[in-house]
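entry29.cif follows; it contains mmCIF, C-alpha atoms and all ligand atoms.
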```cif
data_coords
loop_
_atom_site.label_atom_id
_atom_site.label_comp_id
_atom_site.auth_asym_id
_atom_site.auth_seq_id
_atom_site.Cartn_x
_atom_site.Cartn_y
_atom_site.Cartn_z
CA MET A 1 0.57 61.06 -55.70
CA LEU A 2 -2.59 62.90 -54.62
CA SER A 3 -4.55 64.66 -57.36
CA PRO A 4 -4.88 68.48 -57.02
CA ASP A 5 -8.65 67.83 -56.90
CA TYR A 6 -8.07 66.37 -53.49
CA PHE A 7 -7.65 69.91 -52.13
CA ASP A 8 -10.59 71.43 -54.03
CA PRO A 9 -13.12 72.59 -51.39
CA THR A 10 -15.96 72.68 -53.90
CA LEU A 11 -15.46 69.00 -54.57
CA SER A 12 -15.46 68.09 -50.92
CA ASP A 13 -18.60 70.21 -50.39
CA SER A 14 -20.47 68.20 -52.93
CA ALA A 15 -19.41 64.94 -51.27
CA SER A 16 -21.35 63.51 -48.35
CA ASP A 17 -19.87 63.99 -44.82
CA GLU A 18 -20.85 60.42 -43.99
CA PRO A 19 -17.80 58.12 -43.79
CA THR A 20 -17.46 55.86 -46.80
CA ALA A 21 -17.42 52.09 -46.55
CA THR A 22 -13.61 52.14 -46.75
CA GLN A 23 -13.38 54.73 -43.98
CA HIS A 24 -15.64 52.56 -41.84
CA GLU A 25 -13.39 49.58 -42.45
CA LEU A 26 -10.31 51.62 -41.54
CA GLN A 27 -11.99 52.85 -38.35
CA ASP A 28 -13.02 49.32 -37.43
CA ALA A 29 -9.52 48.00 -38.06
CA LYS A 30 -8.03 50.80 -35.91
CA GLN A 31 -10.47 50.11 -33.08
CA LYS A 32 -9.69 46.41 -33.25
CA ARG A 33 -5.95 47.11 -33.10
CA GLU A 34 -6.44 49.40 -30.07
CA PHE A 35 -8.58 46.79 -28.35
CA ASN A 36 -6.02 44.05 -28.99
CA LYS A 37 -3.30 46.25 -27.53
CA LEU A 38 -5.41 46.94 -24.45
CA GLN A 39 -6.25 43.27 -24.01
CA LYS A 40 -2.61 42.25 -24.39
CA ARG A 41 -1.53 44.87 -21.84
CA LEU A 42 -4.06 43.63 -19.28
CA ARG A 43 -3.08 40.01 -19.86
CA ARG A 44 0.61 40.86 -19.55
CA GLU A 45 0.08 42.83 -16.32
CA VAL A 46 -2.02 40.08 -14.76
CA GLY A 47 0.52 37.47 -15.86
CA ASN A 48 3.37 39.50 -14.34
CA ALA A 49 1.54 40.02 -11.04
CA ILE A 50 0.78 36.28 -10.84
CA ILE A 51 4.43 35.41 -11.43
CA ASP A 52 5.88 38.14 -9.19
CA TYR A 53 3.79 37.09 -6.20
CA ASN A 54 3.48 33.38 -7.00
CA MET A 55 -0.29 33.82 -6.92
CA ILE A 56 -1.30 30.64 -8.74
CA GLU A 57 0.36 27.25 -8.65
CA ASP A 58 -0.21 23.93 -10.31
CA GLY A 59 -3.38 22.28 -8.98
CA ASP A 60 -4.87 25.43 -7.46
CA ARG A 61 -8.62 25.86 -7.39
CA VAL A 62 -9.22 29.59 -7.63
CA MET A 63 -12.49 31.08 -6.47
CA VAL A 64 -13.11 34.21 -8.55
CA CYS A 65 -15.32 36.62 -6.64
CA LEU A 66 -17.75 38.26 -9.03
CA SER A 67 -19.66 41.30 -7.88
CA GLY A 68 -21.08 42.16 -11.29
CA GLY A 69 -18.85 45.25 -11.55
CA LYS A 70 -16.31 46.03 -14.28
CA ASP A 71 -13.30 44.88 -12.27
CA SER A 72 -14.47 41.39 -11.43
CA TYR A 73 -15.79 40.72 -14.94
CA THR A 74 -12.41 41.79 -16.35
CA MET A 75 -10.56 39.60 -13.85
CA LEU A 76 -12.60 36.53 -14.78
CA GLU A 77 -12.10 37.15 -18.49
CA ILE A 78 -8.32 37.57 -18.19
CA LEU A 79 -7.94 34.60 -15.85
CA ARG A 80 -9.91 32.38 -18.25
CA ASN A 81 -7.53 33.33 -21.01
CA LEU A 82 -4.48 32.66 -18.82
CA GLN A 83 -5.92 29.34 -17.78
CA ARG A 84 -5.99 28.27 -21.44
CA ASN A 85 -2.42 29.41 -22.10
CA ALA A 86 -0.53 29.12 -18.81
CA PRO A 87 2.01 26.35 -18.27
CA VAL A 88 0.37 25.53 -14.91
CA ASP A 89 -2.87 23.65 -14.52
CA PHE A 90 -5.44 25.37 -12.32
CA SER A 91 -9.22 25.54 -12.14
CA LEU A 92 -11.56 28.50 -11.78
CA VAL A 93 -14.88 28.71 -10.03
CA ALA A 94 -16.84 31.96 -10.13
CA VAL A 95 -18.83 32.95 -7.05
CA ASN A 96 -21.30 35.78 -6.72
CA MET A 97 -22.95 36.73 -3.50
CA ASP A 98 -26.59 37.71 -3.71
CA GLN A 99 -26.82 40.02 -0.71
CA LYS A 100 -30.58 40.43 -1.13
CA GLN A 101 -30.46 44.08 -2.01
CA PRO A 102 -33.81 45.26 -3.31
CA GLY A 103 -33.92 45.08 -7.08
CA PHE A 104 -30.84 42.82 -7.42
CA PRO A 105 -31.13 41.36 -10.94
CA GLU A 106 -30.66 37.70 -9.97
CA HIS A 107 -30.73 36.44 -13.53
CA VAL A 108 -27.86 38.56 -14.95
CA LEU A 109 -24.82 36.67 -13.68
CA PRO A 110 -26.21 33.13 -14.10
CA GLN A 111 -27.15 33.97 -17.69
CA TYR A 112 -23.71 35.39 -18.41
CA LEU A 113 -21.84 32.52 -16.74
CA ASP A 114 -24.00 29.83 -18.35
CA LYS A 115 -23.14 31.31 -21.70
CA LEU A 116 -19.42 31.21 -20.89
CA GLY A 117 -19.68 27.68 -19.58
CA VAL A 118 -17.82 28.58 -16.39
CA GLU A 119 -18.39 26.64 -13.17
CA TYR A 120 -20.12 28.99 -10.74
CA HIS A 121 -22.13 29.34 -7.56
CA ILE A 122 -24.51 32.03 -6.38
CA LEU A 123 -24.24 32.36 -2.64
CA GLU A 124 -27.43 33.75 -1.11
CA ARG A 125 -26.95 35.65 2.13
CA ASP A 126 -29.18 38.43 3.34
CA THR A 127 -26.44 40.73 4.56
CA TYR A 128 -28.50 43.68 3.32
CA SER A 129 -30.95 43.39 6.25
CA VAL A 130 -28.11 42.99 8.75
CA VAL A 131 -26.32 46.06 7.39
CA LYS A 132 -29.51 48.13 7.44
CA GLU A 133 -30.28 47.06 10.99
CA LYS A 134 -26.80 47.59 12.42
CA THR A 135 -25.75 50.81 10.70
CA PRO A 136 -26.90 54.04 12.36
CA GLU A 137 -28.93 56.40 10.17
CA GLY A 138 -26.76 58.58 7.96
CA LYS A 139 -23.61 56.44 8.39
CA THR A 140 -22.00 54.73 5.41
CA THR A 141 -22.83 51.05 5.15
CA CYS A 142 -19.98 49.87 2.92
CA ALA A 143 -17.49 48.93 5.64
CA LEU A 144 -19.84 46.53 7.44
CA CYS A 145 -21.28 45.26 4.15
CA SER A 146 -17.80 44.42 2.81
CA ARG A 147 -16.80 42.76 6.07
CA LEU A 148 -19.89 40.53 6.06
CA ARG A 149 -19.42 39.71 2.39
CA ARG A 150 -15.76 38.85 2.93
CA GLY A 151 -16.59 36.59 5.87
CA SER A 152 -19.24 34.69 3.90
CA LEU A 153 -17.03 34.32 0.84
CA TYR A 154 -14.04 33.10 2.84
CA GLY A 155 -16.20 30.46 4.50
CA PHE A 156 -17.71 29.42 1.19
CA ALA A 157 -14.27 28.97 -0.40
CA GLU A 158 -13.60 26.21 2.11
CA GLU A 159 -16.97 24.58 1.37
CA ILE A 160 -16.24 24.34 -2.34
CA GLY A 161 -12.61 23.33 -1.90
CA ALA A 162 -11.08 26.51 -3.30
CA ASN A 163 -7.59 27.16 -1.93
CA LYS A 164 -7.23 30.65 -3.44
CA ILE A 165 -9.68 33.55 -3.46
CA ALA A 166 -9.26 36.08 -6.27
CA LEU A 167 -10.50 39.63 -5.72
CA GLY A 168 -10.74 42.25 -8.45
CA HIS A 169 -8.87 45.14 -6.82
CA HIS A 170 -6.66 47.12 -9.17
CA ARG A 171 -3.76 49.58 -8.93
CA GLU A 172 -5.91 52.58 -8.02
CA ASP A 173 -7.73 50.62 -5.28
CA ILE A 174 -4.34 49.85 -3.78
CA LEU A 175 -3.15 53.47 -3.94
CA GLU A 176 -6.44 54.82 -2.61
CA THR A 177 -6.17 52.46 0.35
CA LEU A 178 -2.60 53.57 0.97
CA PHE A 179 -3.69 57.21 1.25
CA LEU A 180 -6.83 56.45 3.25
CA ASN A 181 -4.73 54.54 5.79
CA MET A 182 -2.27 57.41 6.01
CA PHE A 183 -4.96 60.09 6.27
CA PHE A 184 -7.28 58.34 8.70
CA GLY A 185 -5.55 55.27 10.13
CA GLY A 186 -2.06 56.54 10.94
CA THR A 187 -0.52 53.52 9.23
CA LEU A 188 1.57 53.08 6.15
CA LYS A 189 -0.24 50.16 4.57
CA ALA A 190 -2.16 49.47 1.40
CA MET A 191 -3.74 46.33 -0.05
CA PRO A 192 -1.29 43.52 -0.73
CA PRO A 193 -1.41 41.60 -4.03
CA LYS A 194 -1.41 38.39 -1.96
CA LEU A 195 -2.55 37.85 1.59
CA LEU A 196 -3.05 35.12 4.15
CA SER A 197 -6.35 35.65 5.98
CA ASP A 198 -6.19 36.30 9.74
CA ASP A 199 -7.35 32.78 10.60
CA GLY A 200 -4.77 31.33 8.22
CA LYS A 201 -7.40 29.42 6.25
CA ASN A 202 -7.48 31.40 3.01
CA ILE A 203 -5.00 32.86 0.60
CA VAL A 204 -6.40 35.93 -1.11
CA ILE A 205 -4.92 37.07 -4.42
CA ARG A 206 -5.40 40.28 -6.41
CA PRO A 207 -4.42 39.46 -9.99
CA LEU A 208 -5.37 42.97 -11.23
CA ALA A 209 -2.91 44.64 -8.84
CA TYR A 210 -0.77 46.00 -11.71
CA CYS A 211 -3.71 47.09 -13.90
CA LYS A 212 -4.87 50.67 -14.32
CA GLU A 213 -8.50 51.33 -13.56
CA ALA A 214 -8.93 53.30 -16.81
CA ASP A 215 -7.75 50.28 -18.83
CA ILE A 216 -10.18 48.02 -17.00
CA ALA A 217 -13.04 50.48 -17.55
CA GLU A 218 -12.29 50.67 -21.27
CA PHE A 219 -11.95 46.89 -21.58
CA SER A 220 -15.22 46.42 -19.75
CA ARG A 221 -16.94 48.94 -22.01
CA GLN A 222 -15.70 47.25 -25.14
CA MET A 223 -16.58 43.78 -23.87
CA ALA A 224 -20.07 45.09 -23.00
CA PHE A 225 -20.15 43.18 -19.69
CA PRO A 226 -23.63 43.16 -18.11
CA ILE A 227 -22.76 45.46 -15.21
CA ILE A 228 -24.77 45.30 -11.99
CA PRO A 229 -24.47 48.55 -10.01
CA CYS A 230 -23.25 48.33 -6.43
CA ASN A 231 -25.63 51.02 -5.15
CA LEU A 232 -28.81 48.97 -5.23
CA CYS A 233 -28.66 49.09 -1.45
CA GLY A 234 -29.17 52.88 -1.61
CA SER A 235 -25.87 53.55 0.13
CA GLN A 236 -23.82 56.58 -0.76
CA PRO A 237 -20.32 55.77 -1.94
CA ASN A 238 -17.62 56.13 0.69
CA MET A 239 -17.04 59.89 0.52
CA GLN A 240 -13.42 59.81 1.68
CA ARG A 241 -12.49 57.13 -0.84
CA GLN A 242 -14.19 59.18 -3.52
CA ILE A 243 -12.19 62.27 -2.53
CA VAL A 244 -8.91 60.32 -2.65
CA LYS A 245 -9.93 58.79 -5.99
CA GLU A 246 -10.48 62.26 -7.43
CA MET A 247 -7.18 63.47 -6.00
CA LEU A 248 -5.33 60.61 -7.71
CA ALA A 249 -7.18 61.17 -10.99
CA GLU A 250 -6.23 64.85 -10.89
CA TRP A 251 -2.57 64.02 -10.26
CA ASP A 252 -2.60 61.50 -13.06
CA LYS A 253 -3.93 64.14 -15.44
CA LYS A 254 -1.54 66.90 -14.37
CA HIS A 255 1.53 64.76 -13.75
CA PRO A 256 1.58 61.70 -15.98
CA GLY A 257 3.68 58.95 -14.47
CA ARG A 258 3.03 59.94 -10.86
CA LEU A 259 0.71 57.01 -10.13
CA GLU A 260 3.19 54.58 -11.73
CA SER A 261 5.90 55.99 -9.49
CA MET A 262 3.70 55.79 -6.38
CA PHE A 263 2.79 52.19 -7.12
CA LYS A 264 6.45 51.36 -7.64
CA ALA A 265 7.11 52.90 -4.23
CA VAL A 266 4.68 50.43 -2.66
CA THR A 267 6.81 47.60 -4.05
CA ASN A 268 10.11 49.21 -3.07
CA VAL A 269 10.17 50.00 0.64
CA ALA A 270 13.27 51.07 2.58
CA PRO A 271 12.53 50.44 6.29
CA SER A 272 15.72 52.20 7.43
CA GLN A 273 14.42 55.39 5.80
CA LEU A 274 11.11 55.33 7.68
CA ALA A 275 10.61 55.42 11.43
CA ASP A 276 9.05 52.09 12.40
CA ARG A 277 11.11 50.61 15.26
CA GLU A 278 9.52 47.21 14.68
CA LEU A 279 10.76 47.07 11.11
CA PHE A 280 14.22 48.46 11.63
CA ASP A 281 16.57 48.18 14.57
CA PHE A 282 17.39 51.85 15.14
CA ALA A 283 18.52 51.13 18.72
CA GLY A 284 21.10 48.67 17.42
CA LEU A 285 22.80 51.08 15.00
CA GLU A 286 25.80 51.67 17.29
CA ALA A 287 26.44 47.92 17.58
CA LYS A 288 26.19 47.62 13.80
CA GLN A 289 28.56 50.50 13.37
CA ALA A 290 31.11 48.84 15.67
CA ALA A 291 30.78 45.54 13.80
CA LEU A 292 31.25 47.34 10.50
CA MET A 293 34.37 49.10 11.74
CA GLU A 294 35.88 45.86 13.01
CA GLY A 295 35.09 44.19 9.69
CA ARG A 296 32.78 41.67 11.36
CA ILE A 297 29.99 42.51 8.90
CA GLN A 298 30.44 43.33 5.24
CA ALA A 299 27.83 45.93 4.44
CA PHE A 300 25.22 47.95 6.09
CA ASN A 301 21.77 46.77 5.04
CA VAL A 302 18.60 48.79 4.64
S1 LIG B 401 -22.62 50.23 -2.03
FE1 LIG B 401 -24.05 48.92 -0.89
S2 LIG B 401 -23.69 46.83 -1.66
FE2 LIG B 401 -21.94 48.09 -2.32
S3 LIG B 401 -20.43 47.76 -0.67
FE3 LIG B 401 -21.58 49.61 -0.13
S4 LIG B 401 -23.21 48.89 1.20
FE4 LIG B 401 -22.42 47.10 0.12
#
```
Entire entry expressed as structure tokens:
Amino acid sequence: MLSPDYFDPTLSDSASDEPTATQHELQDAKQKREFNKLQKRLRREVGNAIIDYNMIEDGDRVMVCLSGGKDSYTMLEILRNLQRNAPVDFSLVAVNMDQKQPGFPEHVLPQYLDKLGVEYHILERDTYSVVKEKTPEGKTTCALCSRLRRGSLYGFAEEIGANKIALGHHREDILETLFLNMFFGGTLKAMPPKLLSDDGKNIVIRPLAYCKEADIAEFSRQMAFPIIPCNLCGSQPNMQRQIVKEMLAEWDKKHPGRLESMFKAVTNVAPSQLADRELFDFAGLEAKQAALMEGRIQAFNV
């Protein structure tokens, strides 16, 4: 039972406001528990995405694209853990592209990866100059920059014998892309968790597809990853993406669960309830109806 002294304000006044050693220990233990929960959640979500989309198979050599941002560091960390515990045998090779932006801290990633003992390559390509030269003044450079980076990385995967390319896009990236495509592209498409490149040579996977950006940011903060900013090139962030990002963040704050529901929607599409004539045979509905009436088909599919 607590002593009545416990409630005596004069006693507490005389005591120091500094946490005691025991309070420190309790705080540390709580933080550790929270971190373990966060880490477990991220591992579970990555594991589920890998299973749901058959992202990694026995014998795969996975090229993990590292930009030096929070997402790719988190992806590498979680994949390394899965590699140790998964029932399938696969290898990882980290690849960073040094795009020759002024002030790029070349030593940061090699130092980090050497310490981890991970196989890695630094691919040097001066896409920075190309982007600067080709992009008109005042226009955003990210689209061309990403395209050039993607092209170089895809080619490099072949060179090093990697059959899968892992990118660090997460749930919010996928939802942002969905809205950007609707707002500006007139298409209902997002970023798939798994993708075959246009030339058929590469399979791209997004193991963080189920992970929330806020979880990744917190994990990255606690792991103290040596972050390299992506704005060394002096480019402004893509304004429209930023606006959509803020819109989603606002919704998430005001309506908890909305982003979960929207992401679920991306995995649960009903073509007959949209209006794409390529995806659903609207013209053939009468024939289907007749077949249904005559009992030639059992049920009407979506
Ligand atoms: S911020 Fe700079 S380096 Fe990053 S994608 Fe855009 S143009 Fe490329």
Item to check | Within 7 Å of file point (-11.5, 30.3, -7.6), counting all atoms listed in the file, expressed as a list of chain:residue names | outcome: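 Result, sorted by chain then residue number: A:Arg61, A:Val62, A:Met63, A:Val64, A:Ser91, A:Leu92, A:Val93, A:Ala94, A:Ala162, A:Lys164, A:Ile165, A:Ala166.
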Kindly provide the residues of chain A that approach ligand LIG 401 (chain B) to within 7 Å, each paired with its closest atom pair and their distance in Å to one decimal, based on only C-alpha atoms and all ligand atoms, listed by chain and increasing number, as a tab-separated table.
```
residue	atom	partner	partner_atom	distance
A:Thr141	CA	B:LIG401	S4	4.5
A:Cys142	CA	B:LIG401	FE3	3.5
A:Cys145	CA	B:LIG401	FE4	4.6
A:Ser146	CA	B:LIG401	S3	5.5
A:Cys230	CA	B:LIG401	FE2	4.3
A:Asn231	CA	B:LIG401	S1	4.4
A:Leu232	CA	B:LIG401	FE1	6.4
A:Cys233	CA	B:LIG401	FE1	4.6
A:Gly234	CA	B:LIG401	FE1	6.5
A:Ser235	CA	B:LIG401	FE1	5.1
A:Gln236	CA	B:LIG401	S1	6.6
A:Pro237	CA	B:LIG401	S1	6.0
```
Item to check | Distance in Å - atom CA of Ala249 of chain A versus atom CA of Glu176 of chain A | outcome: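 These two atoms are separated by 10.5 Å.
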Checklist entry - Could you pull the residues within 8 Å of segment 74-79 of chain A, counting all atoms listed in the file, minus those fewer than 3 positions along the same chain, as a list in words? => result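 The neighbour list is Leu42, Arg43, Val46, Val64, Leu66, Lys70, Asp71, Leu82, Gln83, Ala94, Gly168, Pro207, Leu208, Ile216, Phe219 and Ser220 of chain A.
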Checklist outcome for this item: Here atom CA of Leu180 of chain A and atom CA of Glu250 of chain A stand apart by 16.5 Å
Item to check | Length of the atom CA of Glu34 of chain A to atom CA of Tyr73 of chain A vector [Å] | outcome: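 A separation of 19.8 Å between them.
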Next on the checklist: Give me, as a ChimeraX atom specification, all polymer residues having an atom no more than 6 Å from Gly69 of chain A, counting all atoms listed in the file and skipping those fewer than 3 positions away in the same chain.
Outcome noted: /A:72,227-228
Checklist entry - Could you pull the residues within 6 Å of Phe90 of chain A, counting all atoms listed in the file, minus those fewer than 5 positions along the same chain, as a VMD selection string? => result chain A and resid 58 to 61
